[in-house]
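**Student:** Structure provided below as structure tokens; questions to follow.
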Amino acid sequence: MIKREVISVFNKISKEYKRVRKENDCVKRILKWKKYGLALDEGCGPGTNSATIAENVKFYVALDISLGMIREAKDEIKATKWKADLVVADATFLPFKNEIFDLLVAVAIFHHLPKDDVKTALGEVRRVLKRSGITIFTFWNIKVVKESKILERKENLFYVAWRSLDKGTLKRPYFSYTLKELEEMVKEKFTFCDIFVSKNVVCVGMKE
């Protein structure tokens, strides 16, 4: 099962993940628009974007499917005075009430899901966002992935190598989607959306 593979590999690489990941520039830009109330960092990883988000909102919730990543994020948040909660949960079933978040950030997580699960996860994003809420999420642009990093491929599912410092080469599962597929999935859930392509495919959406 893909989810189990995702949990397993990200638990294994959680302690070394930060060495190759930096804050997302798009998240930095969207937080300049205004101050937000309650924000959800979905797929927070080891707290890569925690500082950027938490310092610009009233209350910050960090969520990840990997317990290892949450533990790393906890260490990141521990030394600060941020008002924050940490949650281990699945993007396809968010443990929150309807319409409570002003901002939802989901950087580089939905491309680990098969298409039906992406649709479910986007539906969950829409459900927990306030009517005026904003979301920003990214998909990996497969065109920038070097073939040498791909260990295995089965149609739109491919496995990318992670060269661990002490665990050898690990396989991370990804799904590739065309820009048309992404547009259709996003427009099905959000009244307003903007999609632009760079190193990643970045989508910004509003419930209405």
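FYI, nothing fancy with the structure tokens labels: chains A, B, ... in order, residues from 1 per chain, ligands from 1 as they appear.
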What's the 9 Å shell around range 129-146 of chain A, counting only C-alpha atoms, without same-chain residues fewer than 2 positions away, as a ChimeraX atom specification?

**Tutor:** /A:26-27,30,98-111,124-127,148-150,160,174-177,182,197-208

**Student:** Need to verify the contact set: Ala62 in chain A, 7 Å, only C-alpha atoms, exclusion of same-chain residues closer than 6 positions in sequence. Can you return it as a list in words?

**Tutor:** Leu40, Asp41, Glu42, Cys44, Asp85, Leu86 and Val87 of chain A

**Student:** Just the selected residues (N, CA, C and O atoms), exported as a PDB file, in the first residue's frame, please.

**Tutor:**
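After the write, again-v8.pdb holds the following:
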ATOM      1  N   LEU A  40      -3.160  25.929   9.023  1.00  0.00           N
ATOM      2  CA  LEU A  40      -2.777  24.517   9.025  1.00  0.00           C
ATOM      3  C   LEU A  40      -1.629  24.309   8.046  1.00  0.00           C
ATOM      4  O   LEU A  40      -1.727  24.661   6.874  1.00  0.00           O
ATOM      5  N   ASP A  41      -0.547  23.748   8.547  1.00  0.00           N
ATOM      6  CA  ASP A  41       0.603  23.368   7.722  1.00  0.00           C
ATOM      7  C   ASP A  41       0.506  21.865   7.512  1.00  0.00           C
ATOM      8  O   ASP A  41       0.947  21.067   8.324  1.00  0.00           O
ATOM      9  N   GLU A  42      -0.117  21.484   6.401  1.00  0.00           N
ATOM     10  CA  GLU A  42      -0.410  20.070   6.122  1.00  0.00           C
ATOM     11  C   GLU A  42       0.795  19.441   5.425  1.00  0.00           C
ATOM     12  O   GLU A  42       1.241  19.910   4.395  1.00  0.00           O
ATOM     13  N   CYS A  44       3.757  19.001   7.182  1.00  0.00           N
ATOM     14  CA  CYS A  44       4.725  19.982   7.695  1.00  0.00           C
ATOM     15  C   CYS A  44       6.161  19.493   7.643  1.00  0.00           C
ATOM     16  O   CYS A  44       7.101  20.286   7.719  1.00  0.00           O
ATOM     17  N   ASP A  85      -0.026  23.613  17.725  1.00  0.00           N
ATOM     18  CA  ASP A  85      -0.365  22.226  18.019  1.00  0.00           C
ATOM     19  C   ASP A  85       0.253  21.356  16.932  1.00  0.00           C
ATOM     20  O   ASP A  85       0.434  21.809  15.785  1.00  0.00           O
ATOM     21  N   LEU A  86       0.579  20.115  17.273  1.00  0.00           N
ATOM     22  CA  LEU A  86       1.110  19.167  16.303  1.00  0.00           C
ATOM     23  C   LEU A  86       0.201  17.951  16.237  1.00  0.00           C
ATOM     24  O   LEU A  86      -0.250  17.442  17.277  1.00  0.00           O
ATOM     25  N   VAL A  87      -0.065  17.481  15.016  1.00  0.00           N
ATOM     26  CA  VAL A  87      -1.030  16.399  14.814  1.00  0.00           C
ATOM     27  C   VAL A  87      -0.472  15.386  13.818  1.00  0.00           C
ATOM     28  O   VAL A  87       0.078  15.768  12.773  1.00  0.00           O
TER      29      VAL A  87
END

**Student:** Excluding Thr120 in chain A and its own-chain neighbours fewer than 2 positions away, which residues fall within 12 Å of it when counting only C-alpha atoms? Please give them as a VMD selection string.

**Tutor:** chain A and resid 90 to 94 110 113 to 118 122 to 127 185 to 186 188 to 189

**Student:** Could you save the residues just selected, with N, CA, C and O atoms, as an mmCIF file, in the first residue's frame?

**Tutor:**
data_model
loop_
_atom_site.group_PDB
_atom_site.id
_atom_site.type_symbol
_atom_site.label_atom_id
_atom_site.label_comp_id
_atom_site.auth_asym_id
_atom_site.auth_seq_id
_atom_site.Cartn_x
_atom_site.Cartn_y
_atom_site.Cartn_z
ATOM 1 N N ASP A 90 -3.805 11.846 8.397
ATOM 2 C CA ASP A 90 -3.813 11.554 6.966
ATOM 3 C C ASP A 90 -4.511 12.688 6.222
ATOM 4 O O ASP A 90 -5.563 13.167 6.649
ATOM 5 N N ALA A 91 -3.946 13.108 5.090
ATOM 6 C CA ALA A 91 -4.520 14.209 4.306
ATOM 7 C C ALA A 91 -5.916 13.896 3.779
ATOM 8 O O ALA A 91 -6.696 14.807 3.499
ATOM 9 N N THR A 92 -6.255 12.608 3.666
ATOM 10 C CA THR A 92 -7.575 12.241 3.143
ATOM 11 C C THR A 92 -8.649 12.200 4.230
ATOM 12 O O THR A 92 -9.817 11.972 3.942
ATOM 13 N N PHE A 93 -8.244 12.424 5.476
ATOM 14 C CA PHE A 93 -9.210 12.457 6.577
ATOM 15 C C PHE A 93 -8.672 13.392 7.649
ATOM 16 O O PHE A 93 -8.025 12.960 8.599
ATOM 17 N N LEU A 94 -8.930 14.675 7.494
ATOM 18 C CA LEU A 94 -8.414 15.670 8.432
ATOM 19 C C LEU A 94 -9.292 15.708 9.690
ATOM 20 O O LEU A 94 -10.516 15.845 9.590
ATOM 21 N N PHE A 110 0.646 16.175 -1.963
ATOM 22 C CA PHE A 110 -0.400 15.508 -2.745
ATOM 23 C C PHE A 110 0.160 14.647 -3.870
ATOM 24 O O PHE A 110 -0.512 13.734 -4.342
ATOM 25 N N LEU A 113 0.093 10.863 -3.500
ATOM 26 C CA LEU A 113 -1.205 10.203 -3.462
ATOM 27 C C LEU A 113 -1.696 9.814 -4.861
ATOM 28 O O LEU A 113 -1.504 10.572 -5.816
ATOM 29 N N PRO A 114 -2.374 8.664 -4.989
ATOM 30 C CA PRO A 114 -3.041 8.340 -6.261
ATOM 31 C C PRO A 114 -4.186 9.320 -6.500
ATOM 32 O O PRO A 114 -4.649 9.995 -5.585
ATOM 33 N N LYS A 115 -4.659 9.380 -7.728
ATOM 34 C CA LYS A 115 -5.595 10.424 -8.147
ATOM 35 C C LYS A 115 -6.854 10.499 -7.289
ATOM 36 O O LYS A 115 -7.294 11.591 -6.903
ATOM 37 N N ASP A 116 -7.475 9.378 -7.003
ATOM 38 C CA ASP A 116 -8.700 9.400 -6.192
ATOM 39 C C ASP A 116 -8.437 9.988 -4.809
ATOM 40 O O ASP A 116 -9.271 10.713 -4.256
ATOM 41 N N ASP A 117 -7.276 9.667 -4.247
ATOM 42 C CA ASP A 117 -6.928 10.208 -2.935
ATOM 43 C C ASP A 117 -6.611 11.699 -3.000
ATOM 44 O O ASP A 117 -6.871 12.436 -2.036
ATOM 45 N N VAL A 118 -6.037 12.154 -4.125
ATOM 46 C CA VAL A 118 -5.803 13.596 -4.299
ATOM 47 C C VAL A 118 -7.137 14.340 -4.266
ATOM 48 O O VAL A 118 -7.280 15.366 -3.597
ATOM 49 N N LEU A 122 -8.172 17.093 -1.535
ATOM 50 C CA LEU A 122 -8.573 18.453 -1.903
ATOM 51 C C LEU A 122 -9.969 18.770 -1.360
ATOM 52 O O LEU A 122 -10.258 19.906 -0.960
ATOM 53 N N GLY A 123 -10.821 17.755 -1.336
ATOM 54 C CA GLY A 123 -12.151 17.936 -0.746
ATOM 55 C C GLY A 123 -12.061 18.232 0.743
ATOM 56 O O GLY A 123 -12.811 19.055 1.273
ATOM 57 N N GLU A 124 -11.108 17.585 1.417
ATOM 58 C CA GLU A 124 -10.885 17.843 2.835
ATOM 59 C C GLU A 124 -10.339 19.258 3.058
ATOM 60 O O GLU A 124 -10.712 19.928 4.020
ATOM 61 N N VAL A 125 -9.456 19.699 2.164
ATOM 62 C CA VAL A 125 -8.950 21.071 2.250
ATOM 63 C C VAL A 125 -10.117 22.048 2.155
ATOM 64 O O VAL A 125 -10.255 22.976 2.962
ATOM 65 N N ARG A 126 -10.974 21.841 1.180
ATOM 66 C CA ARG A 126 -12.126 22.727 0.993
ATOM 67 C C ARG A 126 -13.052 22.697 2.211
ATOM 68 O O ARG A 126 -13.573 23.726 2.632
ATOM 69 N N ARG A 127 -13.225 21.517 2.777
ATOM 70 C CA ARG A 127 -14.128 21.365 3.920
ATOM 71 C C ARG A 127 -13.661 22.147 5.143
ATOM 72 O O ARG A 127 -14.452 22.806 5.828
ATOM 73 N N MET A 185 -8.777 18.879 -11.275
ATOM 74 C CA MET A 185 -8.990 18.510 -9.875
ATOM 75 C C MET A 185 -9.146 19.740 -8.984
ATOM 76 O O MET A 185 -9.985 19.766 -8.081
ATOM 77 N N VAL A 186 -8.339 20.767 -9.250
ATOM 78 C CA VAL A 186 -8.381 21.970 -8.421
ATOM 79 C C VAL A 186 -9.651 22.772 -8.681
ATOM 80 O O VAL A 186 -10.329 23.214 -7.748
ATOM 81 N N GLU A 188 -12.431 21.769 -9.661
ATOM 82 C CA GLU A 188 -13.604 21.039 -9.170
ATOM 83 C C GLU A 188 -13.915 21.408 -7.720
ATOM 84 O O GLU A 188 -15.067 21.348 -7.279
ATOM 85 N N LYS A 189 -12.877 21.833 -6.968
ATOM 86 C CA LYS A 189 -13.034 22.073 -5.534
ATOM 87 C C LYS A 189 -13.039 23.544 -5.136
ATOM 88 O O LYS A 189 -13.605 23.897 -4.097
#

**Student:** May I ask which of the residues A:Arg4, A:His112, A:Arg29, A:Lys83 is the closest one to Ser50 in chain A, counting only C-alpha atoms?

**Tutor:** A:Lys83

**Student:** Using only C-alpha atoms, which of A:Ala89, A:Ile2, A:Lys18, A:Leu179 sits nearest Leu157 in chain A?

**Tutor:** A:Ile2
